[in-house]
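So this block is structure07.txt, compact mmCIF, C-alpha atoms:
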```
# COMPACT_ATOMS: atom_id res chain seq x y z
CA ALA A 1 129.45 138.67 161.03
CA CYS A 2 132.15 141.25 161.60
CA ALA A 3 132.78 144.88 162.38
CA SER A 4 135.81 147.14 161.93
CA LEU A 5 137.16 150.11 163.81
CA LEU A 6 138.92 151.92 160.99
CA ALA A 7 140.52 154.69 163.02
CA GLN A 8 143.35 152.41 164.17
CA ASP A 9 146.79 151.70 162.72
CA PRO A 10 146.25 148.29 161.02
CA SER A 11 149.67 147.12 162.20
CA ARG A 12 148.65 147.63 165.81
CA THR A 13 145.18 146.10 165.83
CA GLY A 14 143.73 142.78 166.81
CA THR A 15 140.62 140.66 166.55
CA ILE A 16 138.15 139.16 169.01
CA THR A 17 136.23 136.08 167.89
CA GLY A 18 133.88 133.91 169.85
CA VAL A 19 130.47 132.45 170.44
CA VAL A 20 127.42 133.65 172.36
CA LEU A 21 125.50 131.10 174.45
CA ASP A 22 122.25 131.25 176.39
CA ALA A 23 121.63 130.00 179.95
CA THR A 24 121.41 126.41 178.67
CA ASP A 25 124.70 126.76 176.74
CA GLN A 26 122.94 126.79 173.38
CA PRO A 27 124.30 129.14 170.66
CA VAL A 28 122.39 132.38 170.11
CA ALA A 29 121.88 133.69 166.56
CA ASP A 30 121.45 137.40 165.75
CA ALA A 31 122.81 138.57 169.10
CA ARG A 32 124.74 141.82 169.12
CA VAL A 33 128.22 141.65 170.66
CA ARG A 34 130.06 144.78 171.75
CA ALA A 35 133.77 145.19 172.40
CA ASN A 36 133.84 147.89 175.08
CA PHE A 37 137.11 149.75 175.62
CA ASN A 38 138.24 149.38 179.21
CA GLY A 39 138.70 153.11 179.79
CA ALA A 40 137.53 156.48 178.46
CA TRP A 41 136.01 156.14 174.99
CA ASP A 42 134.17 158.70 172.85
CA LYS A 43 133.94 156.78 169.58
CA ILE A 44 131.42 154.31 168.21
CA VAL A 45 131.59 151.06 170.19
CA PRO A 46 132.82 148.26 167.88
CA SER A 47 130.23 145.52 167.55
CA ALA A 48 129.10 142.57 165.45
CA PHE A 49 126.10 140.27 165.13
CA THR A 50 126.31 136.53 165.63
CA ASP A 51 125.64 134.14 162.77
CA LYS A 52 123.29 131.14 162.88
CA SER A 53 125.81 129.17 164.94
CA GLY A 54 126.26 131.96 167.49
CA HIS A 55 129.73 132.96 166.28
CA PHE A 56 131.02 136.51 165.81
CA VAL A 57 134.13 138.39 164.69
CA ILE A 58 135.13 141.93 165.68
CA ARG A 59 138.19 143.23 163.86
CA GLY A 60 140.32 146.38 163.96
CA LEU A 61 140.59 146.65 167.75
CA GLY A 62 143.51 148.64 169.14
CA TRP A 63 145.99 146.97 171.47
CA SER A 64 144.45 147.40 174.88
CA GLU A 65 141.92 145.81 177.24
CA TRP A 66 138.39 145.26 175.99
CA TYR A 67 135.40 143.76 177.76
CA VAL A 68 132.87 141.84 175.73
CA THR A 69 129.09 142.07 176.27
CA PRO A 70 126.34 140.33 174.28
CA SER A 71 122.71 141.42 174.03
CA LYS A 72 119.51 140.53 172.20
CA GLU A 73 117.00 143.17 173.21
CA GLU A 74 114.17 141.89 171.04
CA ASP A 75 114.22 138.71 173.16
CA GLY A 76 114.55 140.62 176.44
CA TYR A 77 118.33 140.49 176.96
CA PRO A 78 119.78 144.02 177.43
CA ASP A 79 123.36 145.16 176.96
CA GLU A 80 125.10 144.85 180.30
CA SER A 81 127.78 147.37 179.38
CA ASN A 82 125.08 149.71 180.73
CA ALA A 83 125.51 149.58 184.52
CA PHE A 84 121.75 150.01 184.99
CA TYR A 85 121.30 146.48 183.64
CA ALA A 86 124.53 144.93 184.88
CA GLY A 87 124.11 145.77 188.55
CA PRO A 88 126.80 145.69 191.24
CA SER A 89 127.95 142.11 190.62
CA PHE A 90 128.84 142.49 186.95
CA ALA A 91 131.82 140.33 185.94
CA PRO A 92 132.48 140.81 182.21
CA VAL A 93 134.74 138.78 179.95
CA ILE A 94 137.92 140.89 179.60
CA VAL A 95 140.35 140.51 176.71
CA ALA A 96 143.85 142.04 176.46
CA LEU A 97 145.13 142.49 172.90
CA ASP A 98 148.81 143.25 172.21
CA ALA A 99 151.62 142.43 169.81
CA GLU A 100 152.06 138.96 171.30
CA HIS A 101 148.31 138.32 171.57
CA PRO A 102 146.65 140.04 168.60
CA ARG A 103 143.76 137.60 168.52
CA ALA A 104 141.48 136.25 171.26
CA ASP A 105 138.68 133.73 171.19
CA VAL A 106 136.01 133.95 173.90
CA THR A 107 132.75 132.40 175.01
CA VAL A 108 130.20 134.83 176.40
CA HIS A 109 126.74 134.24 177.84
CA LEU A 110 123.68 136.43 177.57
CA GLY A 111 122.96 138.19 180.85
CA ARG A 112 119.79 138.07 182.91
CA LYS A 113 116.54 138.27 181.02
CA ALA A 114 114.80 141.57 181.73
CA GLY A 115 111.27 142.75 182.34
CA THR A 116 109.60 145.50 180.32
CA ILE A 117 107.80 148.74 181.12
CA TYR A 118 105.70 150.38 178.43
CA GLY A 119 103.08 153.07 178.11
CA THR A 120 102.50 156.74 177.32
CA ILE A 121 103.38 160.13 178.81
CA ALA A 122 100.99 163.02 178.29
CA ASP A 123 99.58 166.28 179.65
CA ALA A 124 96.99 165.45 182.34
CA ASP A 125 94.63 168.17 181.09
CA SER A 126 94.92 168.15 177.32
CA GLY A 127 96.14 164.63 176.68
CA GLU A 128 98.89 166.03 174.44
CA PRO A 129 102.00 163.80 174.36
CA ILE A 130 105.07 165.00 176.29
CA GLU A 131 108.74 164.20 175.68
CA PRO A 132 110.09 164.38 179.26
CA CYS A 133 113.18 163.78 181.32
CA ALA A 134 113.20 160.58 183.35
CA GLN A 135 115.30 158.73 185.90
CA LEU A 136 115.27 155.05 186.80
CA GLN A 137 117.22 154.11 189.93
CA TRP A 138 117.94 150.94 191.86
CA ARG A 139 116.24 151.37 195.25
CA ASN A 140 118.82 149.27 197.13
CA ALA A 141 121.83 150.61 195.19
CA PRO A 142 121.11 154.31 194.50
CA THR A 143 124.40 154.88 192.69
CA ILE A 144 123.04 152.68 189.89
CA SER A 145 120.75 154.87 187.83
CA TRP A 146 119.94 155.97 184.30
CA PHE A 147 118.48 159.35 183.46
CA GLY A 148 118.15 161.74 180.58
CA TYR A 149 115.99 163.25 177.90
CA GLY A 150 114.63 160.67 175.46
CA LEU A 151 115.10 157.77 177.86
CA LEU A 152 111.30 157.52 178.04
CA LYS A 153 109.50 159.02 175.06
CA SER A 154 105.84 160.01 174.94
CA LYS A 155 105.16 156.46 173.78
CA PHE A 156 107.74 154.14 175.26
CA ARG A 157 108.85 150.55 175.75
CA LEU A 158 111.96 149.91 177.83
CA LEU A 159 113.68 146.89 179.32
CA VAL A 160 114.30 147.03 183.08
CA PRO A 161 116.36 144.70 185.31
CA ALA A 162 114.13 141.79 186.33
CA ASP A 163 113.10 141.21 189.93
CA THR A 164 114.79 144.41 191.03
CA ASP A 165 113.25 147.26 193.04
CA ILE A 166 113.37 150.34 190.79
CA THR A 167 112.16 153.88 191.42
CA LEU A 168 110.94 155.97 188.49
CA GLU A 169 110.72 159.76 188.28
CA VAL A 170 109.45 161.74 185.28
CA TRP A 171 109.60 165.52 184.91
CA ALA A 172 109.27 168.22 182.27
CA TRP A 173 109.48 171.98 182.10
CA GLY A 174 106.21 173.52 183.28
CA TYR A 175 104.86 170.38 184.99
CA GLU A 176 104.79 168.91 188.47
CA PRO A 177 107.22 165.97 188.79
CA TRP A 178 105.67 162.51 188.60
CA PHE A 179 106.81 159.61 190.80
CA TYR A 180 105.81 156.01 190.24
CA LYS A 181 103.52 154.60 192.91
CA GLY A 182 102.10 151.09 192.74
CA GLU A 183 98.60 149.96 193.59
CA ASP A 184 99.89 148.84 197.00
CA GLY A 185 101.16 152.36 197.73
CA THR A 186 104.86 151.51 197.44
CA ASP A 187 107.12 153.71 195.34
CA VAL A 188 109.07 150.90 193.67
CA LEU A 189 108.29 149.00 190.52
CA ARG A 190 109.44 145.41 190.25
CA VAL A 191 108.94 143.45 187.04
CA PRO A 192 109.65 139.70 186.82
CA ALA A 193 111.69 138.38 183.89
CA SER A 194 109.69 138.24 180.65
CA ASN A 195 106.81 140.17 182.27
CA GLN A 196 105.48 143.59 181.28
CA LEU A 197 104.16 146.51 183.31
CA GLN A 198 101.98 149.14 181.65
CA LEU A 199 102.29 152.74 182.83
CA GLN A 200 100.10 155.72 181.97
CA VAL A 201 102.10 158.76 183.06
CA ARG A 202 100.06 161.97 183.24
CA LEU A 203 101.90 165.18 184.09
CA THR A 204 100.01 167.99 185.80
CA PRO A 205 100.78 171.53 184.56
CA ASN A 206 102.35 173.76 187.20
CA ARG A 207 100.42 177.03 187.02
CA ASP A 208 102.94 178.92 189.16
CA LYS A 209 105.92 178.39 186.83
CA THR A 210 106.91 180.44 183.83
CA ARG A 211 105.33 179.63 180.52
CA LYS A 212 106.40 176.29 179.16
CA PRO A 213 108.48 176.72 175.99
CA THR A 214 107.06 175.29 172.79
CA ASP A 215 108.59 172.21 171.18
CA LYS A 216 110.00 174.47 168.48
CA GLU A 217 111.65 176.71 171.10
CA LEU A 218 113.10 173.73 172.99
CA LYS A 219 114.49 172.27 169.77
CA LYS A 220 116.11 175.58 168.84
CA MET A 221 117.67 175.96 172.30
CA ARG A 222 119.02 172.39 172.28
CA GLU A 223 120.49 172.81 168.81
CA SER A 224 122.19 176.05 169.83
CA GLY A 225 123.73 174.35 172.88
CA ARG A 226 122.23 176.93 175.22
CA ILE A 227 120.47 174.33 177.36
CA SER A 228 120.30 170.64 177.93
CA VAL A 229 116.85 169.90 179.28
CA CYS A 230 118.04 167.17 181.64
CA THR A 231 121.35 168.54 182.93
CA SER A 232 119.76 169.46 186.25
CA PRO A 233 119.25 166.68 188.84
CA PRO A 234 115.83 165.07 189.05
CA PRO A 235 113.30 166.72 191.36
CA GLN A 236 113.12 165.75 195.01
CA ARG A 237 110.10 164.08 196.53
```
Please express the file's structure as structure tokens.
Amino acid sequence: ACASLLAQDPSRTGTITGVVLDATDQPVADARVRANFNGAWDKIVPSAFTDKSGHFVIRGLGWSEWYVTPSKEEDGYPDESNAFYAGPSFAPVIVALDAEHPRADVTVHLGRKAGTIYGTIADADSGEPIEPCAQLQWRNAPTISWFGYGLLKSKFRLLVPADTDITLEVWAWGYEPWFYKGEDGTDVLRVPASNQLQLQVRLTPNRDKTRKPTDKELKKMRESGRISVCTSPPPQR
């Protein structure tokens, strides 16, 4: 399995090869491996899938530092290049490619197995599905968060860091903000590894706000670049 980054001068590129192992040091087939540029990057992240023996090849990488992250989301292992999953103690495998070292061979392990949240988001009165903004945030490390439009769709399934206190906020134009609250009254969700938590998010229309734009109007505004529905910070409690 291999991938190429074609926008590089072939005479100044290198290759990362390696193997992905699980927690018991067994090879992992069909894992996705990303070579993340150690700096600002606005291009497609080079990646490859492992073969049956857990091996991968990523070619066409410019001479620089790259950090390598494996994932296999269908088995519950998220990509830890996303800080929301990596957490504060993330220690990636870093590779430096240059003229003297154009090739590197590495061994990388899948990260922590995640939990899953799944469910639906809809209008509390009509039951119509809503495509909202959402933010997930580590309770004990608030700088670690993930928010945006499309993060949670009207019907969603998302991996979350296992055994970690997470707060969840959901909001949409024309509705009161929704905050997760568990059966015990706490405002954090905590999902053990391999476990699932079902959520039924129902947003209450806010009668005092201006008319909610239609989906067609929102789409037109987003396409024109006039607004980004989640550029504003999440609502306060």
Non-local contacts of Thr204 (chain A) (7 Å; only C-alpha atoms; under 6 positions in same chain excluded) as a PDB file with C-alpha atoms, in the frame of the given file:
```
ATOM      1  CA  ASP A 123      99.580 166.280 179.650  1.00  0.00           C
ATOM      2  CA  ALA A 124      96.990 165.450 182.340  1.00  0.00           C
ATOM      3  CA  TYR A 175     104.860 170.380 184.990  1.00  0.00           C
ATOM      4  CA  GLU A 176     104.790 168.910 188.470  1.00  0.00           C
TER       5      GLU A 176
END
```
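Among the candidate residues A:Leu199, A:Ala193, A:Ala29, A:Ile16, the one lying nearest to Leu97 (chain A) is A:Ile16, with distances computed using only C-alpha atoms.
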Note to self: Excluding Glu131 (chain A) and its own-chain neighbours fewer than 3 positions away, which residues fall within 7 Å of it when counting only C-alpha atoms? Please give them as a ChimeraX atom specification.
What the structure shows: /A:150,153-154
Check: Of the candidates A:Gln200, A:Thr15, A:Ser53, A:Asn140, which one gets nearest to Trp178 (chain A) if we count all atoms listed in the file?
Finding: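 Smallest distance to Trp178 (chain A) is found for A:Gln200.
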Next item on the list: Just the residues within 8 Å of Asp165 (chain A), please, counting only C-alpha atoms, with nothing from its chain fewer than 3 positions along; format it as a PyMOL selection string.
Entry: chain A and resi 138-140+188-190
Notebook entry, point to check: CA of Leu159 (chain A) and CA of Val106 (chain A), how far apart in Å?
Noted result: 26.4 Å
Note to self: For a test of reading the model, state the distance in Å between CA of Ala35 (chain A) and CA of Leu21 (chain A), rounded to one decimal.
What the structure shows: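 Distance reported for this atom pair: 16.5 Å.
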Next item on the list: Name the closest residue to Leu136 (chain A) among the candidates A:Gly60, A:Pro161, A:Gly39, A:Gly119; distances are taken between atoms, counting only C-alpha atoms.
Entry: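 Of A:Gly60, A:Pro161, A:Gly39, A:Gly119, the one nearest Leu136 (chain A), counting only C-alpha atoms, is A:Pro161.
Proximity of A:Val57, A:Ala114, A:Leu197, A:Val95 to Asp75 (chain A), computed with all atoms listed in the file, is greatest for A:Ala114.
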Note to self: At a cut-off of 12 Å, using only C-alpha atoms, what residues contact Ser47 (chain A)? Leave out same-chain residues fewer than 6 positions from it and give the result as a PyMOL selection string.
What the structure shows: chain A and resi 1-5+15-17+31-37+56-61+66-71+79
Item checked: Top pick for closest residue to Gln137 (chain A), considering A:Ala99, A:Ala83, A:Val93, A:Ala172 and counting all atoms listed in the file -> A:Ala83
Checklist line | Nearest-residue call for Lys181 (chain A), choices A:Ile117, A:Ala162, A:Ala48, A:Val201, using all atoms listed in the file | finding: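 Looking only at the distances to Lys181 (chain A), the closest residue turns out to be A:Val201.
Atom to atom, CA of Thr143 (chain A) and CA of Trp171 (chain A) stand 19.8 Å apart.
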Using all atoms of region 109-119 of chain A listed in the file and a margin of 5 Å per side, can you give the axis-aligned box centre and edge lengths in Å to one decimal, as lines of an AutoDock Vina configuration file?
```
center_x = 114.9
center_y = 143.7
center_z = 180.2
size_x = 33.7
size_y = 28.8
size_z = 15.3
```
As a CSV table (one decimal) with C-alpha atoms, in the coordinates of the input, please: the residues near Val19 (chain A) (cut-off 9 Å, all atoms listed in the file, same-chain neighbours under 6 positions excluded).
```csv
chain,number,residue,atom,x,y,z
A,27,PRO,CA,124.3,129.1,170.7
A,28,VAL,CA,122.4,132.4,170.1
A,50,THR,CA,126.3,136.5,165.6
A,53,SER,CA,125.8,129.2,164.9
A,54,GLY,CA,126.3,132.0,167.5
A,55,HIS,CA,129.7,133.0,166.3
A,56,PHE,CA,131.0,136.5,165.8
A,105,ASP,CA,138.7,133.7,171.2
A,106,VAL,CA,136.0,134.0,173.9
A,107,THR,CA,132.8,132.4,175.0
A,108,VAL,CA,130.2,134.8,176.4
A,109,HIS,CA,126.7,134.2,177.8
```
Starting from the incomplete input, reconstruct N, CA and C atoms of region 12-44 of chain A and write that as a short mmCIF file (atom, residue, chain, number, x, y, z; two decimals), in the frame of the given file.
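The result, stored in result.cif:
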```cif
data_model
loop_
_atom_site.label_atom_id
_atom_site.label_comp_id
_atom_site.auth_asym_id
_atom_site.auth_seq_id
_atom_site.Cartn_x
_atom_site.Cartn_y
_atom_site.Cartn_z
N ARG A 12 148.75 147.70 164.36
CA ARG A 12 148.65 147.63 165.81
C ARG A 12 147.22 147.32 166.25
N THR A 13 146.55 146.47 165.49
CA THR A 13 145.18 146.10 165.83
C THR A 13 145.04 144.59 165.93
N GLY A 14 143.98 144.21 166.62
CA GLY A 14 143.73 142.78 166.81
C GLY A 14 142.28 142.44 166.55
N THR A 15 141.95 141.18 166.85
CA THR A 15 140.62 140.66 166.55
C THR A 15 140.10 139.84 167.72
N ILE A 16 138.82 140.01 168.02
CA ILE A 16 138.15 139.16 169.01
C ILE A 16 137.12 138.32 168.27
N THR A 17 137.22 137.01 168.43
CA THR A 17 136.23 136.08 167.89
C THR A 17 135.59 135.32 169.04
N GLY A 18 134.48 134.68 168.77
CA GLY A 18 133.88 133.91 169.85
C GLY A 18 132.49 133.44 169.52
N VAL A 19 131.83 132.97 170.57
CA VAL A 19 130.47 132.45 170.44
C VAL A 19 129.63 132.96 171.61
N VAL A 20 128.36 133.22 171.34
CA VAL A 20 127.42 133.65 172.36
C VAL A 20 126.49 132.49 172.69
N LEU A 21 126.36 132.20 173.99
CA LEU A 21 125.50 131.10 174.45
C LEU A 21 124.41 131.64 175.37
N ASP A 22 123.31 130.88 175.45
CA ASP A 22 122.25 131.25 176.39
C ASP A 22 122.46 130.52 177.72
N ALA A 23 121.49 130.59 178.61
CA ALA A 23 121.63 130.00 179.95
C ALA A 23 121.74 128.49 179.91
N THR A 24 121.31 127.87 178.80
CA THR A 24 121.41 126.41 178.67
C THR A 24 122.59 126.02 177.79
N ASP A 25 123.50 126.97 177.55
CA ASP A 25 124.70 126.76 176.74
C ASP A 25 124.39 126.43 175.28
N GLN A 26 123.26 126.92 174.79
CA GLN A 26 122.94 126.79 173.38
C GLN A 26 123.36 128.06 172.65
N PRO A 27 123.87 127.95 171.41
CA PRO A 27 124.30 129.14 170.66
C PRO A 27 123.13 130.06 170.36
N VAL A 28 123.42 131.36 170.34
CA VAL A 28 122.39 132.38 170.11
C VAL A 28 122.67 133.10 168.79
N ALA A 29 121.75 132.99 167.84
CA ALA A 29 121.88 133.69 166.56
C ALA A 29 121.37 135.11 166.67
N ASP A 30 121.91 136.01 165.86
CA ASP A 30 121.45 137.40 165.75
C ASP A 30 121.59 138.18 167.05
N ALA A 31 122.50 137.77 167.91
CA ALA A 31 122.81 138.57 169.10
C ALA A 31 123.82 139.65 168.72
N ARG A 32 123.75 140.78 169.35
CA ARG A 32 124.74 141.82 169.12
C ARG A 32 125.83 141.72 170.18
N VAL A 33 127.08 141.76 169.74
CA VAL A 33 128.22 141.65 170.66
C VAL A 33 129.03 142.93 170.56
N ARG A 34 129.29 143.54 171.71
CA ARG A 34 130.06 144.78 171.75
C ARG A 34 131.42 144.54 172.38
N ALA A 35 132.44 145.16 171.79
CA ALA A 35 133.77 145.19 172.40
C ALA A 35 133.92 146.57 173.03
N ASN A 36 133.82 146.62 174.35
CA ASN A 36 133.84 147.89 175.08
C ASN A 36 135.25 148.19 175.55
N PHE A 37 135.77 149.36 175.19
CA PHE A 37 137.11 149.75 175.62
C PHE A 37 137.15 149.91 177.12
N ASN A 38 138.16 149.34 177.76
CA ASN A 38 138.24 149.38 179.21
C ASN A 38 138.91 150.69 179.65
N GLY A 39 138.19 151.79 179.47
CA GLY A 39 138.70 153.11 179.79
C GLY A 39 137.83 154.15 179.13
N ALA A 40 138.30 155.41 179.09
CA ALA A 40 137.53 156.48 178.46
C ALA A 40 137.43 156.22 176.95
N TRP A 41 136.23 156.45 176.41
CA TRP A 41 136.01 156.14 174.99
C TRP A 41 134.89 157.03 174.46
N ASP A 42 135.17 157.80 173.41
CA ASP A 42 134.17 158.70 172.85
C ASP A 42 133.84 158.38 171.40
N LYS A 43 134.21 157.18 170.96
CA LYS A 43 133.94 156.78 169.58
C LYS A 43 132.81 155.75 169.55
N ILE A 44 132.43 155.36 168.35
CA ILE A 44 131.42 154.31 168.21
C ILE A 44 131.96 153.01 168.78
#
```
